[in-house]
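**Student:** One structure, pasted below without further comment.
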Amino acid sequence: MAMVYEKSKMLTDAPLHYCPGCTHGIIHKLVAESLEELEAGGRAVGVAPVGCSVMAYNYFSCDMVEAPHGRAPAIATGLKRALPDGVIFTYQGDGDLAAIGTAETVHAATRGENITVIFVNNAIYGMTGGQMAPTTLPGQVTQTTPYGRDVTKAGFPVRVCEMLSTLSGVAYAERVSVDTVPNIRKAKAAIKKAFETQIAGKGFSIVEVLSTCPTNWGLTPVEALQWLRDNMIPYYPLGVYQDRTANEKGVF
């Protein structure tokens with residue numbers, strides 16, 4: 001019998017702890033498949049900080065390091081400098097990366113650290129109960145914004161790809177989504193290209209993945225996907241925000 005589909009060898013058999021309808025599982029699959037196709041699993045090291053992805057070390061069949069909240073890019077910097085031939089990636093949520101970890105993210109990017117960041121944006125703090133995050137949309141209801149995010153008091157959401165794309169050390173930045181099959185395929189291509197960027201020594205690469213949080217959004221999984229399409233994608237447009245990979249010498 002012909003094999004039509006096979007689970008990536010870069011994923012373990014551990015059951016995922018994520019809520020029903022959460023798209024972390026899809027993103028894990030795309031990361032694992034990309035590493036396997038690039039034959040990079042044996043030298044890959046992932047960094048999982050605090051957040052919904054805190055137990056990612058249970059799911060990837062590669063070395064994993066646990067980082068303090070927000071410090072994954074700093075840990076990844078040290079790993080890459082100690083293991084220059086390693087394929088080093090962080091797997092971070094929006095609360096971790098764009099709040100407590102803003103400085104680590106920006107400075108690793110502006111230094112052009114040759115690491116790959118997988119940034120999962122679900123517009124909320126997922127693991128700790130659904131508080132407002134830096135990416136929470138204007139007017140969005142959360143546990144800490146019961147009347148909706150008021151930008152006059154809380155400011156505007158942080159658009160990470162747009163911000164980082166202005167830094168000379170960023171070689172590749174793309175925002176994708178995993179709400180439909182075509183978008184999942186595009187997300188896979190972006191994640192694979194980000195790893196290829198690192199392997200080629202081009203510099204900092206980041207893929208921002210728009211994701212859902214049905215539990216904290218108070219929606220069914222199907223409703224959550226539609227909410228993402230109706231609300232998140234218009235505010236966070238999909239696409240490539242920086243691509244310096246064509247420059248073979250890495251001089252920007």
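How things are named: the first chain in the structure tokens is A, the next is B, and so on; residues count from 1 in each chain; ligands count from 1 in the order shown.
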Mind dumping a table of every range 58-111 of chain A residue within 10 Å of range 189-212 of chain A, with the nearest atom pair and its distance in Å to one decimal, using only C-alpha atoms, sorted by chain and rising number, as a Markdown table?

**Tutor:**
```
| residue | atom | partner | partner_atom | distance |
| --- | --- | --- | --- | --- |
| A:Pro84 | CA | A:Gly201 | CA | 9.5 |
| A:Asp85 | CA | A:Ile199 | CA | 8.0 |
| A:Gly86 | CA | A:Ile199 | CA | 8.4 |
| A:Val87 | CA | A:Ile199 | CA | 6.9 |
| A:Ile88 | CA | A:Gln198 | CA | 8.4 |
| A:Phe89 | CA | A:Phe195 | CA | 8.4 |
| A:Thr90 | CA | A:Ile206 | CA | 9.4 |
| A:Gln92 | CA | A:Glu208 | CA | 9.6 |
| A:Gly93 | CA | A:Val209 | CA | 9.5 |
| A:Asp94 | CA | A:Glu208 | CA | 9.3 |
| A:Ala108 | CA | A:Phe204 | CA | 7.6 |
| A:Ala109 | CA | A:Phe204 | CA | 5.7 |
| A:Thr110 | CA | A:Phe204 | CA | 8.3 |
| A:Arg111 | CA | A:Phe204 | CA | 8.2 |
```

**Student:** Ranking A:Gln226, A:Gln242, A:Ser8, A:Asn216 by minimum distance to Val141 in chain A and counting only C-alpha atoms, which one comes first?

**Tutor:** A:Asn216

**Student:** Figure out the distance between CA of Thr23 in chain A and CA of Ile184 in chain A, please, to one decimal in Å.

**Tutor:**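 Atom-to-atom, CA of Ile184 in chain A and CA of Thr23 in chain A are spaced 10.5 Å apart.
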
**Student:** Which of range 13-193 of chain A end up as alpha helix (DSSP H) when DSSP is run on this backbone - answer as a PyMOL selection string?

**Tutor:** chain A and resi 24-37+72-82+94-95+102-110+151-154+160-164+181-193

**Student:** Out of range 34-244 of chain A, which residues get strand (DSSP E) from DSSP, as a ChimeraX atom specification?

**Tutor:** /A:44-48,63-66,87-93,116-121,170-177,204-210,239-243

**Student:** Can you pull out the residues contacting Asp179 in chain A? Cut-off 12 Å, using only C-alpha atoms, and skip same-chain residues under 2 positions away; I want them as a PDB file with N, CA and C atoms, in the first residue's frame.

**Tutor:**
```pdb
ATOM      1  N   GLY A  21      -9.064  22.823  19.271  1.00  0.00           N
ATOM      2  CA  GLY A  21      -9.170  23.924  18.322  1.00  0.00           C
ATOM      3  C   GLY A  21      -7.980  24.843  18.270  1.00  0.00           C
ATOM      4  N   CYS A  22      -7.070  24.735  19.243  1.00  0.00           N
ATOM      5  CA  CYS A  22      -5.858  25.547  19.224  1.00  0.00           C
ATOM      6  C   CYS A  22      -4.997  25.130  18.043  1.00  0.00           C
ATOM      7  N   THR A  23      -4.383  26.096  17.385  1.00  0.00           N
ATOM      8  CA  THR A  23      -3.604  25.783  16.181  1.00  0.00           C
ATOM      9  C   THR A  23      -2.112  25.578  16.460  1.00  0.00           C
ATOM     10  N   HIS A  24      -1.727  25.537  17.731  1.00  0.00           N
ATOM     11  CA  HIS A  24      -0.318  25.224  18.038  1.00  0.00           C
ATOM     12  C   HIS A  24       0.088  23.889  17.418  1.00  0.00           C
ATOM     13  N   ILE A  26      -0.840  22.470  14.672  1.00  0.00           N
ATOM     14  CA  ILE A  26      -0.540  22.637  13.246  1.00  0.00           C
ATOM     15  C   ILE A  26       0.848  23.255  13.075  1.00  0.00           C
ATOM     16  N   ILE A  27       1.125  24.269  13.870  1.00  0.00           N
ATOM     17  CA  ILE A  27       2.404  24.967  13.741  1.00  0.00           C
ATOM     18  C   ILE A  27       3.557  24.039  14.126  1.00  0.00           C
ATOM     19  N   ASN A 122      -1.741  35.015  18.921  1.00  0.00           N
ATOM     20  CA  ASN A 122      -3.179  34.782  19.049  1.00  0.00           C
ATOM     21  C   ASN A 122      -3.888  35.940  19.763  1.00  0.00           C
ATOM     22  N   VAL A 176       2.203  34.902   8.452  1.00  0.00           N
ATOM     23  CA  VAL A 176       1.369  33.885   7.822  1.00  0.00           C
ATOM     24  C   VAL A 176       0.209  33.549   8.758  1.00  0.00           C
ATOM     25  N   SER A 177      -0.660  32.662   8.304  1.00  0.00           N
ATOM     26  CA  SER A 177      -1.785  32.211   9.116  1.00  0.00           C
ATOM     27  C   SER A 177      -1.994  30.726   8.870  1.00  0.00           C
ATOM     28  N   VAL A 181      -6.354  25.600   4.496  1.00  0.00           N
ATOM     29  CA  VAL A 181      -5.336  24.725   3.905  1.00  0.00           C
ATOM     30  C   VAL A 181      -4.353  25.518   3.036  1.00  0.00           C
ATOM     31  N   PRO A 182      -4.814  26.407   2.137  1.00  0.00           N
ATOM     32  CA  PRO A 182      -3.843  27.194   1.363  1.00  0.00           C
ATOM     33  C   PRO A 182      -2.914  28.023   2.240  1.00  0.00           C
ATOM     34  N   ASN A 183      -3.457  28.614   3.307  1.00  0.00           N
ATOM     35  CA  ASN A 183      -2.605  29.413   4.196  1.00  0.00           C
ATOM     36  C   ASN A 183      -1.646  28.544   4.995  1.00  0.00           C
ATOM     37  N   ILE A 184      -2.061  27.338   5.350  1.00  0.00           N
ATOM     38  CA  ILE A 184      -1.158  26.409   6.036  1.00  0.00           C
ATOM     39  C   ILE A 184       0.015  26.055   5.135  1.00  0.00           C
ATOM     40  N   ARG A 185      -0.258  25.852   3.851  1.00  0.00           N
ATOM     41  CA  ARG A 185       0.832  25.547   2.913  1.00  0.00           C
ATOM     42  C   ARG A 185       1.798  26.719   2.791  1.00  0.00           C
ATOM     43  N   LYS A 186       1.257  27.933   2.757  1.00  0.00           N
ATOM     44  CA  LYS A 186       2.120  29.117   2.705  1.00  0.00           C
ATOM     45  C   LYS A 186       2.932  29.253   3.992  1.00  0.00           C
ATOM     46  N   ALA A 187       2.297  28.933   5.112  1.00  0.00           N
ATOM     47  CA  ALA A 187       3.011  28.993   6.387  1.00  0.00           C
ATOM     48  C   ALA A 187       4.166  28.005   6.415  1.00  0.00           C
ATOM     49  N   VAL A 209       3.035  33.763  13.028  1.00  0.00           N
ATOM     50  CA  VAL A 209       1.914  32.918  12.639  1.00  0.00           C
ATOM     51  C   VAL A 209       0.661  33.369  13.388  1.00  0.00           C
ATOM     52  N   LEU A 210      -0.335  33.855  12.663  1.00  0.00           N
ATOM     53  CA  LEU A 210      -1.600  34.208  13.292  1.00  0.00           C
ATOM     54  C   LEU A 210      -2.318  32.925  13.694  1.00  0.00           C
ATOM     55  N   SER A 211      -2.710  32.870  14.968  1.00  0.00           N
ATOM     56  CA  SER A 211      -3.252  31.651  15.544  1.00  0.00           C
ATOM     57  C   SER A 211      -4.527  31.965  16.308  1.00  0.00           C
ATOM     58  N   THR A 212      -5.244  30.926  16.706  1.00  0.00           N
ATOM     59  CA  THR A 212      -6.496  31.101  17.444  1.00  0.00           C
ATOM     60  C   THR A 212      -6.339  30.696  18.909  1.00  0.00           C
ATOM     61  N   PRO A 221     -14.040  26.277  17.989  1.00  0.00           N
ATOM     62  CA  PRO A 221     -12.906  26.281  17.073  1.00  0.00           C
ATOM     63  C   PRO A 221     -13.235  26.849  15.699  1.00  0.00           C
ATOM     64  N   VAL A 222     -14.415  26.521  15.167  1.00  0.00           N
ATOM     65  CA  VAL A 222     -14.802  27.032  13.842  1.00  0.00           C
ATOM     66  C   VAL A 222     -15.037  28.534  13.904  1.00  0.00           C
ATOM     67  N   GLU A 223     -15.727  28.987  14.945  1.00  0.00           N
ATOM     68  CA  GLU A 223     -15.958  30.421  15.106  1.00  0.00           C
ATOM     69  C   GLU A 223     -14.645  31.174  15.276  1.00  0.00           C
ATOM     70  N   ALA A 224     -13.701  30.572  15.985  1.00  0.00           N
ATOM     71  CA  ALA A 224     -12.410  31.221  16.217  1.00  0.00           C
ATOM     72  C   ALA A 224     -11.652  31.434  14.907  1.00  0.00           C
ATOM     73  N   LEU A 225     -11.685  30.451  14.038  1.00  0.00           N
ATOM     74  CA  LEU A 225     -11.019  30.607  12.739  1.00  0.00           C
ATOM     75  C   LEU A 225     -11.639  31.753  11.943  1.00  0.00           C
ATOM     76  N   GLN A 226     -12.961  31.863  12.000  1.00  0.00           N
ATOM     77  CA  GLN A 226     -13.619  32.946  11.275  1.00  0.00           C
ATOM     78  C   GLN A 226     -13.304  34.294  11.912  1.00  0.00           C
ATOM     79  N   TRP A 227     -13.229  34.324  13.254  1.00  0.00           N
ATOM     80  CA  TRP A 227     -12.869  35.575  13.940  1.00  0.00           C
ATOM     81  C   TRP A 227     -11.478  36.022  13.533  1.00  0.00           C
ATOM     82  N   LEU A 228     -10.569  35.078  13.413  1.00  0.00           N
ATOM     83  CA  LEU A 228      -9.215  35.408  12.960  1.00  0.00           C
ATOM     84  C   LEU A 228      -9.264  36.054  11.576  1.00  0.00           C
ATOM     85  N   ARG A 229     -10.032  35.445  10.668  1.00  0.00           N
ATOM     86  CA  ARG A 229     -10.117  35.984   9.299  1.00  0.00           C
ATOM     87  C   ARG A 229     -10.746  37.380   9.290  1.00  0.00           C
ATOM     88  N   ASP A 230     -11.793  37.543  10.077  1.00  0.00           N
ATOM     89  CA  ASP A 230     -12.546  38.802  10.053  1.00  0.00           C
ATOM     90  C   ASP A 230     -11.846  39.937  10.782  1.00  0.00           C
ATOM     91  N   MET A 232      -8.273  39.589  12.755  1.00  0.00           N
ATOM     92  CA  MET A 232      -6.826  39.632  12.877  1.00  0.00           C
ATOM     93  C   MET A 232      -6.133  39.903  11.553  1.00  0.00           C
ATOM     94  N   ILE A 233      -6.556  39.209  10.508  1.00  0.00           N
ATOM     95  CA  ILE A 233      -5.865  39.383   9.224  1.00  0.00           C
ATOM     96  C   ILE A 233      -5.983  40.817   8.694  1.00  0.00           C
ATOM     97  N   LEU A 238      -1.159  39.603   6.041  1.00  0.00           N
ATOM     98  CA  LEU A 238      -0.209  38.538   5.738  1.00  0.00           C
ATOM     99  C   LEU A 238       0.761  39.001   4.660  1.00  0.00           C
TER     100      LEU A 238
END
```

**Student:** Under the rule that only C-alpha atoms are counted, which of A:Tyr172, A:His17, A:Ala123, A:Pro73 is the nearest residue to Ile100 in chain A?

**Tutor:**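 Looking at the shortest contact to Ile100 in chain A, the residue is A:Pro73.
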
**Student:** Excluding same-chain residues fewer than 5 positions from Ala67 in chain A, what lies within 8 Å of it counting only C-alpha atoms, as a PDB file with C-alpha atoms, in the first residue's frame?

**Tutor:**
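Saved to selection-v5.pdb:
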```pdb
ATOM      1  CA  VAL A  47      14.117  27.143  22.845  1.00  0.00           C
ATOM      2  CA  ALA A  48      10.738  27.141  24.597  1.00  0.00           C
ATOM      3  CA  PRO A  49       9.980  29.927  27.095  1.00  0.00           C
ATOM      4  CA  VAL A  50       6.970  30.518  29.321  1.00  0.00           C
ATOM      5  CA  ALA A  72      14.339  32.904  24.421  1.00  0.00           C
ATOM      6  CA  ILE A  75      19.254  31.970  25.155  1.00  0.00           C
TER       7      ILE A  75
END
```
